file run_21.txt (compact mmCIF, C-alpha atoms)
# COMPACT_ATOMS: atom_id res chain seq x y z
CA MET A 1 0.00 0.00 0.00
CA SER A 2 2.64 2.47 1.11
CA GLN A 3 4.80 1.56 -1.88
CA SER A 4 2.03 2.17 -4.40
CA LEU A 5 1.13 5.45 -2.71
CA HIS A 6 4.70 6.50 -3.24
CA ASP A 7 4.51 5.42 -6.89
CA ARG A 8 1.38 7.47 -7.41
CA PHE A 9 3.00 10.51 -5.88
CA GLU A 10 6.01 9.99 -8.11
CA GLN A 11 3.76 9.71 -11.18
CA THR A 12 1.28 12.48 -10.49
CA VAL A 13 2.79 15.10 -8.20
CA ILE A 14 6.55 15.03 -8.81
CA PRO A 15 6.13 15.85 -12.54
CA LEU A 16 4.43 19.12 -11.52
CA ILE A 17 7.60 20.43 -9.92
CA ASP A 18 8.35 22.94 -12.72
CA ASP A 19 4.89 24.46 -12.27
CA ALA A 20 5.41 24.59 -8.52
CA TYR A 21 8.82 26.18 -8.90
CA THR A 22 7.58 28.75 -11.45
CA LEU A 23 4.86 29.90 -9.05
CA ALA A 24 7.30 30.05 -6.12
CA ARG A 25 9.86 32.03 -8.13
CA HIS A 26 7.26 34.60 -9.08
CA LEU A 27 5.86 34.89 -5.57
CA LEU A 28 9.19 34.99 -3.71
CA ARG A 29 11.43 36.45 -6.44
CA ASP A 30 14.43 34.63 -5.09
CA GLU A 31 15.91 31.40 -6.37
CA HIS A 32 16.91 30.00 -2.99
CA ASP A 33 13.76 31.00 -1.15
CA ALA A 34 11.72 29.47 -3.97
CA GLN A 35 13.61 26.19 -3.72
CA ASP A 36 13.11 26.03 0.03
CA ALA A 37 9.42 26.84 -0.27
CA VAL A 38 8.90 24.21 -2.98
CA GLN A 39 10.69 21.58 -0.93
CA GLU A 40 8.53 22.41 2.07
CA ALA A 41 5.41 22.33 -0.09
CA TYR A 42 6.28 18.91 -1.51
CA LEU A 43 6.90 17.55 1.94
CA ARG A 44 3.50 18.77 3.07
CA ALA A 45 1.86 17.48 -0.09
CA TRP A 46 3.42 14.08 0.52
CA ARG A 47 2.37 13.96 4.16
CA PHE A 48 -1.25 14.62 3.25
CA PHE A 49 -1.25 12.84 -0.10
CA ALA A 50 -3.04 9.78 1.25
CA SER A 51 -5.98 11.92 2.32
CA PHE A 52 -6.12 13.74 -1.01
CA ARG A 53 -9.22 12.29 -2.63
CA GLY A 54 -8.82 12.95 -6.32
CA GLY A 55 -9.52 16.19 -8.08
CA ASP A 56 -6.89 18.22 -9.85
CA GLU A 57 -3.44 17.56 -8.37
CA ARG A 58 -2.05 20.69 -9.95
CA ALA A 59 -4.52 23.06 -8.32
CA TRP A 60 -4.10 21.15 -5.07
CA LEU A 61 -0.30 21.31 -5.19
CA LEU A 62 -0.23 24.99 -6.20
CA THR A 63 -2.50 25.80 -3.26
CA ILE A 64 0.09 24.27 -0.94
CA VAL A 65 3.00 25.96 -2.75
CA ARG A 66 1.32 29.35 -2.45
CA HIS A 67 0.67 28.79 1.24
CA CYS A 68 4.29 27.78 1.86
CA CYS A 69 5.59 30.81 -0.05
CA TYR A 70 3.61 33.24 2.07
CA THR A 71 4.49 31.42 5.29
CA TRP A 72 8.13 31.47 4.22
CA GLN A 73 8.00 35.19 3.48
CA ARG A 74 6.35 35.98 6.80
CA GLY A 75 8.97 33.98 8.66
CA ARG A 76 11.71 35.80 6.80
CA ARG A 77 10.28 39.20 7.55
CA GLU A 78 10.15 38.38 11.26
CA THR A 79 13.75 37.17 11.19
CA ALA A 80 14.72 40.32 9.32
CA ASN A 81 13.16 42.49 12.01
CA VAL A 82 14.90 40.65 14.82
CA ALA A 83 18.26 40.67 13.07
CA PHE A 84 17.93 44.13 11.62
CA ASP A 85 21.43 45.19 12.69
CA ASP A 86 23.02 42.03 11.44
CA GLU A 87 25.50 43.18 8.82
CA LEU A 88 25.55 39.88 7.03
CA HIS A 89 21.81 39.99 6.59
CA GLY A 90 21.97 43.58 5.42
CA ASP A 91 24.45 42.59 2.74
CA THR A 92 22.28 39.80 1.42
CA ALA A 93 19.29 42.08 1.19
CA GLY A 94 21.37 44.72 -0.56
CA SER A 95 22.65 42.36 -3.22
CA ARG A 96 19.14 41.17 -4.00
CA TYR A 97 17.97 44.68 -4.64
CA ALA A 98 21.02 45.34 -6.78
CA ALA A 99 20.16 42.36 -8.94
CA ASP A 100 16.60 43.61 -9.33
CA ALA A 101 17.75 47.10 -10.26
CA HIS A 102 20.08 45.65 -12.87
CA ALA A 103 17.29 43.65 -14.44
CA ILE A 104 15.27 46.81 -15.07
CA ASP A 105 17.91 48.23 -17.38
CA GLU A 106 18.43 45.06 -19.32
CA SER A 107 15.59 44.96 -21.79
CA GLU A 108 11.92 45.30 -22.40
CA ARG A 109 11.55 41.92 -20.79
CA GLY A 110 13.36 43.31 -17.81
CA SER A 111 10.97 46.21 -17.49
CA LEU A 112 8.05 43.82 -17.78
CA HIS A 113 9.44 41.79 -14.93
CA ALA A 114 10.13 44.83 -12.85
CA ALA A 115 6.53 45.90 -13.38
CA LEU A 116 5.38 42.44 -12.41
CA ASP A 117 7.45 42.66 -9.24
CA ARG A 118 5.84 45.97 -8.39
CA LEU A 119 2.36 44.51 -8.66
CA PRO A 120 0.75 43.82 -5.29
CA PRO A 121 1.10 40.06 -4.60
CA GLU A 122 -2.63 39.38 -4.93
CA PHE A 123 -2.50 40.67 -8.52
CA ARG A 124 0.78 38.99 -9.38
CA GLU A 125 -0.35 35.57 -8.23
CA VAL A 126 -3.55 35.70 -10.29
CA LEU A 127 -1.60 36.71 -13.36
CA VAL A 128 0.95 33.92 -12.95
CA LEU A 129 -1.74 31.33 -12.24
CA ARG A 130 -3.59 32.34 -15.40
CA GLU A 131 -0.92 33.22 -17.98
CA LEU A 132 1.72 30.67 -16.97
CA GLU A 133 -0.06 27.92 -15.06
CA GLU A 134 -3.12 28.27 -17.32
CA LEU A 135 -5.57 27.48 -14.54
CA SER A 136 -9.27 28.15 -14.99
CA TYR A 137 -10.82 30.99 -12.99
CA LYS A 138 -12.49 28.39 -10.80
CA ASP A 139 -9.16 26.75 -9.97
CA ILE A 140 -7.48 30.12 -9.39
CA ALA A 141 -10.30 30.98 -6.99
CA ARG A 142 -9.72 27.69 -5.19
CA VAL A 143 -5.94 28.15 -5.00
CA THR A 144 -6.09 31.74 -3.75
CA GLY A 145 -9.19 31.34 -1.59
CA VAL A 146 -11.21 34.21 -3.09
CA PRO A 147 -14.47 34.22 -5.09
CA VAL A 148 -14.36 33.82 -8.89
CA GLY A 149 -15.59 37.41 -9.31
CA THR A 150 -12.55 38.65 -7.42
CA VAL A 151 -10.26 36.56 -9.63
CA MET A 152 -11.87 38.11 -12.68
CA SER A 153 -11.45 41.71 -11.52
CA ARG A 154 -7.90 41.21 -10.20
CA LEU A 155 -6.84 39.61 -13.46
CA ALA A 156 -8.36 42.43 -15.52
CA ARG A 157 -6.63 45.04 -13.36
CA ALA A 158 -3.29 43.23 -13.44
CA ARG A 159 -3.43 43.02 -17.23
CA GLU A 160 -4.39 46.68 -17.42
CA ARG A 161 -1.37 47.70 -15.35
CA LEU A 162 1.10 45.64 -17.34
CA ARG A 163 -0.40 46.78 -20.59
CA ARG A 164 0.62 50.34 -19.73
CA VAL A 165 4.18 49.16 -19.16
CA LEU A 166 4.29 47.21 -22.41
CA LYS A 167 2.90 50.16 -24.30
CA ARG A 168 5.53 52.48 -22.89
CA SER A 169 8.40 50.24 -23.89
CA ALA A 170 6.96 49.43 -27.32
CA MET B 171 -27.90 50.64 -30.68
CA THR B 172 -25.95 48.62 -28.13
CA HIS B 173 -23.30 51.32 -27.83
CA ALA B 174 -24.79 52.52 -24.60
CA LEU B 175 -23.36 49.54 -22.73
CA HIS B 176 -19.65 49.28 -23.33
CA MET B 177 -17.85 46.13 -22.28
CA THR B 178 -16.03 46.26 -18.95
CA PRO B 179 -12.34 45.27 -18.84
CA GLU B 180 -13.43 42.26 -16.75
CA ALA B 181 -15.82 41.09 -19.46
CA LEU B 182 -13.23 41.45 -22.23
CA SER B 183 -10.59 39.75 -20.13
CA ALA B 184 -12.87 36.83 -19.28
CA TYR B 185 -13.98 36.64 -22.93
CA ILE B 186 -10.36 36.18 -24.03
CA ASP B 187 -9.92 33.46 -21.43
CA GLY B 188 -13.04 31.62 -22.62
CA GLU B 189 -14.48 32.03 -19.12
CA LEU B 190 -17.87 33.53 -19.99
CA THR B 191 -21.03 31.50 -20.28
CA PRO B 192 -21.87 30.70 -23.92
CA ASP B 193 -24.73 33.24 -23.87
CA ARG B 194 -22.59 35.97 -22.42
CA ALA B 195 -19.72 35.17 -24.82
CA ARG B 196 -22.11 35.50 -27.74
CA GLU B 197 -23.28 38.89 -26.43
CA VAL B 198 -19.72 40.12 -26.15
CA ALA B 199 -18.85 38.78 -29.60
CA GLU B 200 -21.85 40.53 -31.13
CA HIS B 201 -21.09 43.76 -29.33
CA LEU B 202 -17.48 43.67 -30.54
CA THR B 203 -18.60 43.43 -34.14
CA MET B 204 -20.59 46.64 -33.78
CA CYS B 205 -18.68 48.81 -31.33
CA THR B 206 -15.45 50.36 -32.57
CA PRO B 207 -14.12 51.61 -29.18
CA CYS B 208 -14.70 48.23 -27.51
CA SER B 209 -13.22 46.45 -30.49
CA ALA B 210 -10.08 48.60 -30.26
CA GLU B 211 -9.94 47.96 -26.51
CA TYR B 212 -10.22 44.25 -27.18
CA GLU B 213 -7.41 44.29 -29.75
CA THR B 214 -5.09 46.02 -27.28
CA LEU B 215 -5.97 43.58 -24.53
CA LEU B 216 -5.34 40.65 -26.88
CA ALA B 217 -1.89 41.99 -27.69
CA THR B 218 -1.17 42.46 -23.98
CA VAL B 219 -2.21 38.92 -23.09
CA ALA B 220 -0.14 37.51 -25.96
CA ALA B 221 2.89 39.55 -24.84
CA LEU B 222 2.47 38.41 -21.25
CA ARG B 223 2.21 34.74 -22.20
CA ALA B 224 5.22 35.02 -24.45
CA ASN B 225 7.42 36.98 -22.04
CA LEU B 226 6.60 35.98 -18.50
CA GLU B 227 9.31 33.67 -17.26
CA ARG B 228 8.71 29.95 -16.80
CA TYR B 229 11.26 28.33 -14.55
CA ASP B 230 12.53 24.76 -14.68
CA ALA B 231 13.09 23.28 -11.26
CA PRO B 232 16.82 22.61 -10.89
CA ASP B 233 17.85 18.96 -10.60
CA VAL B 234 19.18 19.61 -7.14
CA LEU B 235 15.69 20.63 -6.01
CA ARG B 236 14.18 17.47 -7.48
CA ALA B 237 16.79 15.44 -5.62
CA ARG B 238 16.15 17.32 -2.36
CA VAL B 239 12.41 16.72 -2.67
CA ARG B 240 12.85 13.01 -3.35
CA THR B 241 15.24 12.63 -0.44
CA ALA B 242 12.94 14.47 1.93
CA ILE B 243 9.98 12.34 0.89
CA ALA B 244 11.86 9.08 1.22
CA ALA B 245 12.68 10.04 4.81
CA THR B 246 9.11 10.98 5.71
CA PRO B 247 6.08 8.77 6.23
CA SER B 248 2.85 9.90 4.66
CA VAL B 249 1.05 10.46 7.96
CA ALA B 250 -2.57 10.49 6.95
CA VAL B 251 -2.60 6.93 5.56
CA ALA B 252 -4.41 5.30 8.47
CA GLY B 253 -7.14 7.92 8.68
CA ALA B 254 -7.61 8.05 4.95
CA ASP B 255 -7.99 4.31 4.58
CA SER B 256 -10.83 4.03 7.04
CA GLY B 257 -14.19 3.94 5.32
CA ALA B 258 -12.91 3.98 1.74
CA THR B 259 -13.46 0.80 -0.23
CA THR B 260 -11.07 -0.25 -2.94
CA ALA B 261 -13.67 0.64 -5.54
CA GLN B 262 -14.10 4.15 -4.16
CA ARG B 263 -10.37 4.55 -4.08
CA ARG B 264 -10.02 3.44 -7.66
CA ARG B 265 -12.77 5.79 -8.76
CA ALA B 266 -11.26 8.71 -6.90
CA TRP B 267 -7.92 8.09 -8.56
CA GLY B 268 -9.12 7.35 -12.03
CA TRP B 269 -9.15 10.70 -13.68
CA PRO B 270 -6.44 12.67 -11.88
CA VAL B 271 -3.98 10.02 -12.99
CA GLY B 272 -5.24 10.55 -16.51
CA ILE B 273 -4.63 14.27 -16.27
CA ALA B 274 -1.17 13.82 -14.89
CA ALA B 275 -0.34 11.32 -17.61
CA ALA B 276 -1.53 13.84 -20.17
CA LEU B 277 0.64 16.48 -18.56
CA ILE B 278 3.66 14.21 -18.70
CA VAL B 279 3.02 13.62 -22.39
CA SER B 280 2.70 17.33 -23.08
CA ALA B 281 5.86 18.03 -21.11
CA ALA B 282 7.66 15.39 -23.15
CA LEU B 283 6.51 17.08 -26.33
CA GLY B 284 7.92 20.31 -25.05
CA SER B 285 4.60 22.01 -25.33
CA GLY B 286 3.50 24.65 -22.88
CA VAL B 287 -0.10 24.24 -23.83
CA THR B 288 -2.54 23.08 -21.20
CA VAL B 289 -3.99 19.79 -22.19
CA LEU B 290 -7.10 19.84 -20.06
CA ALA B 291 -9.21 19.46 -23.14
CA SER B 292 -12.46 20.96 -22.01
CA ARG B 293 -12.63 24.47 -20.66
CA GLY B 294 -16.37 24.49 -20.87
CA ARG B 295 -16.18 25.31 -24.57
CA THR B 296 -19.28 24.93 -26.63
CA GLU B 297 -19.41 25.00 -30.38
CA PRO B 298 -21.96 27.85 -30.58
CA SER B 299 -19.75 30.14 -28.52
CA VAL B 300 -16.68 29.26 -30.61
CA ALA B 301 -18.75 29.97 -33.74
CA ALA B 302 -19.73 33.36 -32.30
CA GLU B 303 -16.09 34.18 -31.57
CA VAL B 304 -14.95 33.11 -35.03
CA LEU B 305 -17.69 35.16 -36.60
CA ALA B 306 -16.89 38.20 -34.46
CA SER B 307 -13.23 37.93 -35.45
CA HIS B 308 -14.19 37.72 -39.13
CA VAL B 309 -16.46 40.77 -38.95
CA ARG B 310 -13.93 42.71 -36.90
CA SER B 311 -11.23 41.90 -39.44
CA LEU B 312 -13.26 43.74 -42.06
CA MET B 313 -14.02 46.75 -39.92
CA PRO B 314 -12.83 50.21 -40.94
CA PRO B 315 -10.86 52.36 -40.41
CA ALA B 316 -7.77 50.31 -39.55
CA ASP B 317 -6.89 47.17 -41.45
CA HIS B 318 -7.39 44.35 -38.94
CA LEU B 319 -7.49 41.79 -41.70
CA THR B 320 -3.86 40.82 -42.07
CA ASP B 321 -0.71 41.15 -40.01
CA VAL B 322 1.30 39.71 -42.86
CA ARG B 323 0.19 40.66 -46.33
CA SER B 324 1.34 38.37 -49.07
CA SER B 325 -0.05 36.22 -51.84
CA ASP B 326 2.91 33.86 -51.48
CA GLN B 327 2.45 30.99 -49.03
CA HIS B 328 6.25 30.87 -48.64
CA ASN B 329 6.04 34.26 -46.95
CA VAL B 330 2.93 33.60 -44.91
CA LYS B 331 3.84 30.23 -43.43
CA PRO B 332 7.18 31.26 -41.87
CA TRP B 333 5.59 34.45 -40.54
CA PHE B 334 3.64 32.34 -38.04
CA ASN B 335 6.85 30.89 -36.59
CA GLY B 336 7.37 32.05 -33.04
CA LYS B 337 3.89 33.55 -32.89
CA LEU B 338 2.11 30.23 -32.47
CA ASP B 339 2.92 26.87 -30.93
CA PHE B 340 1.97 25.10 -34.16
CA SER B 341 2.52 25.66 -37.85
CA PRO B 342 -0.64 26.04 -39.93
CA SER B 343 -0.70 24.60 -43.43
CA VAL B 344 -1.01 27.29 -46.08
CA PRO B 345 -2.36 25.74 -49.30
CA ARG B 346 -1.97 27.58 -52.60
CA LEU B 347 -5.37 27.92 -54.23
CA GLU B 348 -4.82 30.80 -56.60
CA ASP B 349 -5.23 28.69 -59.71
CA GLN B 350 -8.64 27.59 -58.46
CA GLY B 351 -9.69 31.23 -58.10
CA PHE B 352 -8.97 31.74 -54.40
CA PRO B 353 -5.85 33.92 -54.13
CA LEU B 354 -4.12 34.13 -50.75
CA VAL B 355 -4.24 37.62 -49.23
CA GLY B 356 -2.27 37.11 -46.03
CA GLY B 357 -2.53 35.95 -42.43
CA ARG B 358 -2.85 37.08 -38.86
CA VAL B 359 -2.94 35.74 -35.33
CA ASP B 360 -6.16 36.04 -33.37
CA TYR B 361 -7.61 34.66 -30.15
CA VAL B 362 -10.48 32.19 -30.18
CA ASP B 363 -11.62 29.79 -27.48
CA GLY B 364 -9.09 31.23 -25.08
CA ARG B 365 -6.04 30.49 -27.22
CA PRO B 366 -4.02 32.00 -30.07
CA VAL B 367 -5.10 30.75 -33.48
CA ALA B 368 -3.85 31.11 -37.04
CA VAL B 369 -6.05 32.97 -39.51
CA LEU B 370 -5.40 32.69 -43.24
CA VAL B 371 -7.13 35.16 -45.49
CA TYR B 372 -8.19 34.22 -49.00
CA ALA B 373 -10.21 36.17 -51.54
CA ARG B 374 -12.89 35.29 -54.08
CA ARG B 375 -13.79 38.23 -56.30
CA GLN B 376 -14.71 40.98 -53.78
CA HIS B 377 -15.39 38.48 -50.96
CA THR B 378 -13.02 37.79 -48.11
CA ILE B 379 -12.62 34.31 -46.63
CA ASN B 380 -11.09 33.84 -43.19
CA VAL B 381 -9.72 30.38 -42.38
CA PHE B 382 -9.13 29.78 -38.65
CA SER B 383 -7.08 26.85 -37.47
CA TRP B 384 -5.63 25.57 -34.22
CA PRO B 385 -4.56 22.23 -32.77
CA THR B 386 -7.16 20.27 -30.85
CA ARG B 387 -7.34 17.10 -28.81
CA LEU B 388 -10.97 16.56 -29.68
CA SER B 389 -11.77 13.76 -32.08
CA ASP B 390 -12.35 14.28 -35.81
CA SER B 391 -15.66 15.66 -36.96
CA PRO B 392 -16.98 16.02 -40.53
CA ALA B 393 -17.56 19.42 -42.11
CA ALA B 394 -20.68 21.11 -40.79
CA ALA B 395 -22.11 24.25 -42.36
CA SER B 396 -24.05 26.96 -40.58
CA ALA B 397 -25.08 30.54 -41.22
CA ALA B 398 -25.41 33.60 -39.00
CA ASN B 399 -26.00 37.30 -39.65
CA GLY B 400 -25.58 36.79 -43.39
CA TYR B 401 -22.26 34.95 -43.08
CA ASN B 402 -21.60 31.32 -43.88
CA LEU B 403 -19.47 29.16 -41.62
CA ILE B 404 -18.03 25.71 -42.19
CA HIS B 405 -16.39 23.83 -39.36
CA TRP B 406 -14.51 20.53 -39.14
CA ARG B 407 -11.78 18.75 -37.24
CA SER B 408 -9.28 16.35 -38.73
CA GLY B 409 -5.84 15.09 -37.84
CA GLY B 410 -5.76 17.04 -34.58
CA VAL B 411 -6.57 20.39 -36.20
CA GLU B 412 -9.75 22.37 -35.80
CA ARG B 413 -10.73 24.59 -38.72
CA TRP B 414 -13.39 27.22 -39.26
CA VAL B 415 -14.05 28.88 -42.62
CA VAL B 416 -16.07 32.11 -42.56
CA SER B 417 -17.19 34.34 -45.40
CA ASP B 418 -20.08 36.21 -46.95
CA LEU B 419 -19.42 34.14 -50.07
CA ASN B 420 -22.38 31.98 -51.16
CA PRO B 421 -22.61 28.53 -49.53
CA ASN B 422 -21.87 26.60 -52.75
CA GLU B 423 -18.63 28.35 -53.54
CA LEU B 424 -17.60 28.26 -49.90
CA ARG B 425 -18.16 24.52 -49.90
CA SER B 426 -15.95 24.08 -52.99
CA PHE B 427 -13.30 26.18 -51.28
CA THR B 428 -13.52 23.98 -48.20
CA GLU B 429 -13.20 20.83 -50.30
CA LEU B 430 -10.03 22.25 -51.84
CA LEU B 431 -8.68 22.90 -48.34
CA MET B 432 -9.55 19.40 -47.21
CA SER B 433 -8.05 17.63 -50.20
CA PRO B 434 -4.51 16.50 -49.43

call {"tool": "encode", "arguments": {"input": "run_21.txt", "output": "structure tokens"}}
result
Amino acid sequence: MSQSLHDRFEQTVIPLIDDAYTLARHLLRDEHDAQDAVQEAYLRAWRFFASFRGGDERAWLLTIVRHCCYTWQRGRRETANVAFDDELHGDTAGSRYAADAHAIDESERGSLHAALDRLPPEFREVLVLRELEELSYKDIARVTGVPVGTVMSRLARARERLRRVLKRSA
Amino acid sequence: MTHALHMTPEALSAYIDGELTPDRAREVAEHLTMCTPCSAEYETLLATVAALRANLERYDAPDVLRARVRTAIAATPSVAVAGADSGATTAQRRRAWGWPVGIAAALIVSAALGSGVTVLASRGRTEPSVAAEVLASHVRSLMPPADHLTDVRSSDQHNVKPWFNGKLDFSPSVPRLEDQGFPLVGGRVDYVDGRPVAVLVYARRQHTINVFSWPTRLSDSPAAASAANGYNLIHWRSGGVERWVVSDLNPNELRSFTELLMSP
């Protein structure tokens, strides 16, 4: 039983790791944080896999990934506050911002990404779940825990904001 | 007429995503054929969505992450097993697992093909709403003042076919039918059924014929003709491609045109 459960996880959930990682990268905007969050999400998914009763694994997994990303971010922010004077930490934060600033100058793609980064997280996540993960509105609503109507208006507003950026650089 | 009620950004956005009910989608499609400001708004939104899909970064999970995940899982029991087993018969279990496994298998196949397209075949599409979208696109393509008809203008299929490269995740066939009296005018990319599609434009005397095509996972269906608002539509699926032909050309000539398209 336990062996076949493992096989099923390997066949159905492990192959979704690129989708999970893409969402985490966009939500956390840091390679290492995203890897940690995805690992945590997979561990959780595995622990509760036996009680997952069918449905869409992708929407289910992405719900967990999203949750882990936000938990991860919260934890980080608290650590950052406690260790505010820590020089090492200050350096790390500084270099991340430098990398972001560099990306803006690089290309149109860079400015698109910078604009995406500036979007409030609730808009960014809807956009990523729709344009990249290609989830239906219903699944996006399920993953983000808001009504479908909210998904619809957030998506429209997110597209509207990025459209202005694309227009400017065109 | 219906100009009083312009389409909201939400409605246009959901229309592009194929997320409206068939009735509502038809309303939007009809409105777009008549309302120039909304039609322009729609065109801009289409371009934005296409740019976002093409440019937003997809990330591949690094191998080291895959390895870390597998290691972590191997070291961890799946805790809920006991609780989950109670009360579920083998039959229930099998039923519950049946279709998600199918989806995942489909996803693995699509990943292997290197395609980024979602393979969940049904997004609640219905043929009438696709027909309304195709028709709206055809009418819009003929609308003044701007030329929405073609993004690439050429009577040579050797120019039109490569133009689609990089704009679509498939390569539409571009038959040469000039000798049969249907010269090629050009092509464009449009959005139908929530996805980018290829549109080839042919002419017959003063009539314009739009040919829409996109890959499909639905099974083959024979050519079916219909008419709406004075336009004739013919629709069929074969070899994994869905095609719609739309024109104000008379049904007989449109049928001969379709037969030419279908002949190998």

call {"tool": "atom_distance", "arguments": {"input": "run_21.txt", "atom1": "atom CA of B:Asn329", "atom2": "atom CA of B:Arg346"}}
result
11.9 Å

call {"tool": "closest_residue", "arguments": {"input": "run_21.txt", "among": "A:Ala114, A:Ala50, A:Leu16, A:Cys68", "to": "chain B", "atoms": "only C-alpha atoms"}}
result
A:Ala50

call {"tool": "residues_around", "arguments": {"input": "run_21.txt", "residues": "B:Asn402", "least_positions_apart": "3", "cutoff": "10 Å", "atoms": "only C-alpha atoms", "output": "ChimeraX atom specification"}}
result
/B:305,379,395-399,415-421,424-425

call {"tool": "atom_distance", "arguments": {"input": "run_21.txt", "atom1": "atom CA of B:Ser408", "atom2": "atom CA of B:Pro342"}}
result
13.0 Å

call {"tool": "interface_residues", "arguments": {"input": "run_21.txt", "of": "chain A", "to": "chain B", "cutoff": "7 Å", "atoms": "only C-alpha atoms", "output": "list in words"}}
result
Thr12, Pro15, Ile17, Asp18, Tyr21, Thr22, Gln35, Gln39, Tyr42, Leu43, Trp46, Arg47, Phe48, Phe49, Ala50, Ser51, Arg53, Gly54, Gly55, Asp56, Glu57, Arg109, Glu131, Leu132, Glu134, Met152, Ser153, Ala156 and Arg163 of chain A

call {"tool": "atom_distance", "arguments": {"input": "run_21.txt", "atom1": "atom CA of B:Leu190", "atom2": "atom CA of A:Val165"}}
result
27.0 Å

call {"tool": "residues_around", "arguments": {"input": "run_21.txt", "residues": "B:Asn335", "least_positions_apart": "5", "cutoff": "12 Å", "atoms": "only C-alpha atoms", "output": "MDAnalysis selection string"}}
result
chainID B and resid 329:330 340:343 358:359 368

call {"tool": "closest_residue", "arguments": {"input": "run_21.txt", "among": "A:Asp30, A:Asp139, A:Asp7, A:Glu160", "to": "A:Phe123", "atoms": "only C-alpha atoms"}}
result
A:Glu160

call {"tool": "axis_aligned_box", "arguments": {"input": "run_21.txt", "around": "stretch 195-204 of chain B", "padding_each_side": "8 Å", "output": "AutoDock Vina command-line options"}}
result
--center_x -20.4 --center_y 40.9 --center_z -29.5 --size_x 21.8 --size_y 27.5 --size_z 25.3

call {"tool": "residues_near_point", "arguments": {"input": "run_21.txt", "point": "(-4.9, 32.4, -6.5)", "cutoff": "8 Å", "atoms": "all atoms listed in the file", "output": "list of chain:residue names"}}
result
A:Thr63, A:Glu122, A:Glu125, A:Val126, A:Leu129, A:Asp139, A:Ile140, A:Ala141, A:Arg142, A:Val143, A:Thr144, A:Gly145, A:Val146, A:Val151

call {"tool": "closest_residue", "arguments": {"input": "run_21.txt", "among": "A:Val128, A:Leu119, A:Ala20, A:Leu28", "to": "A:Val65", "atoms": "only C-alpha atoms"}}
result
A:Ala20
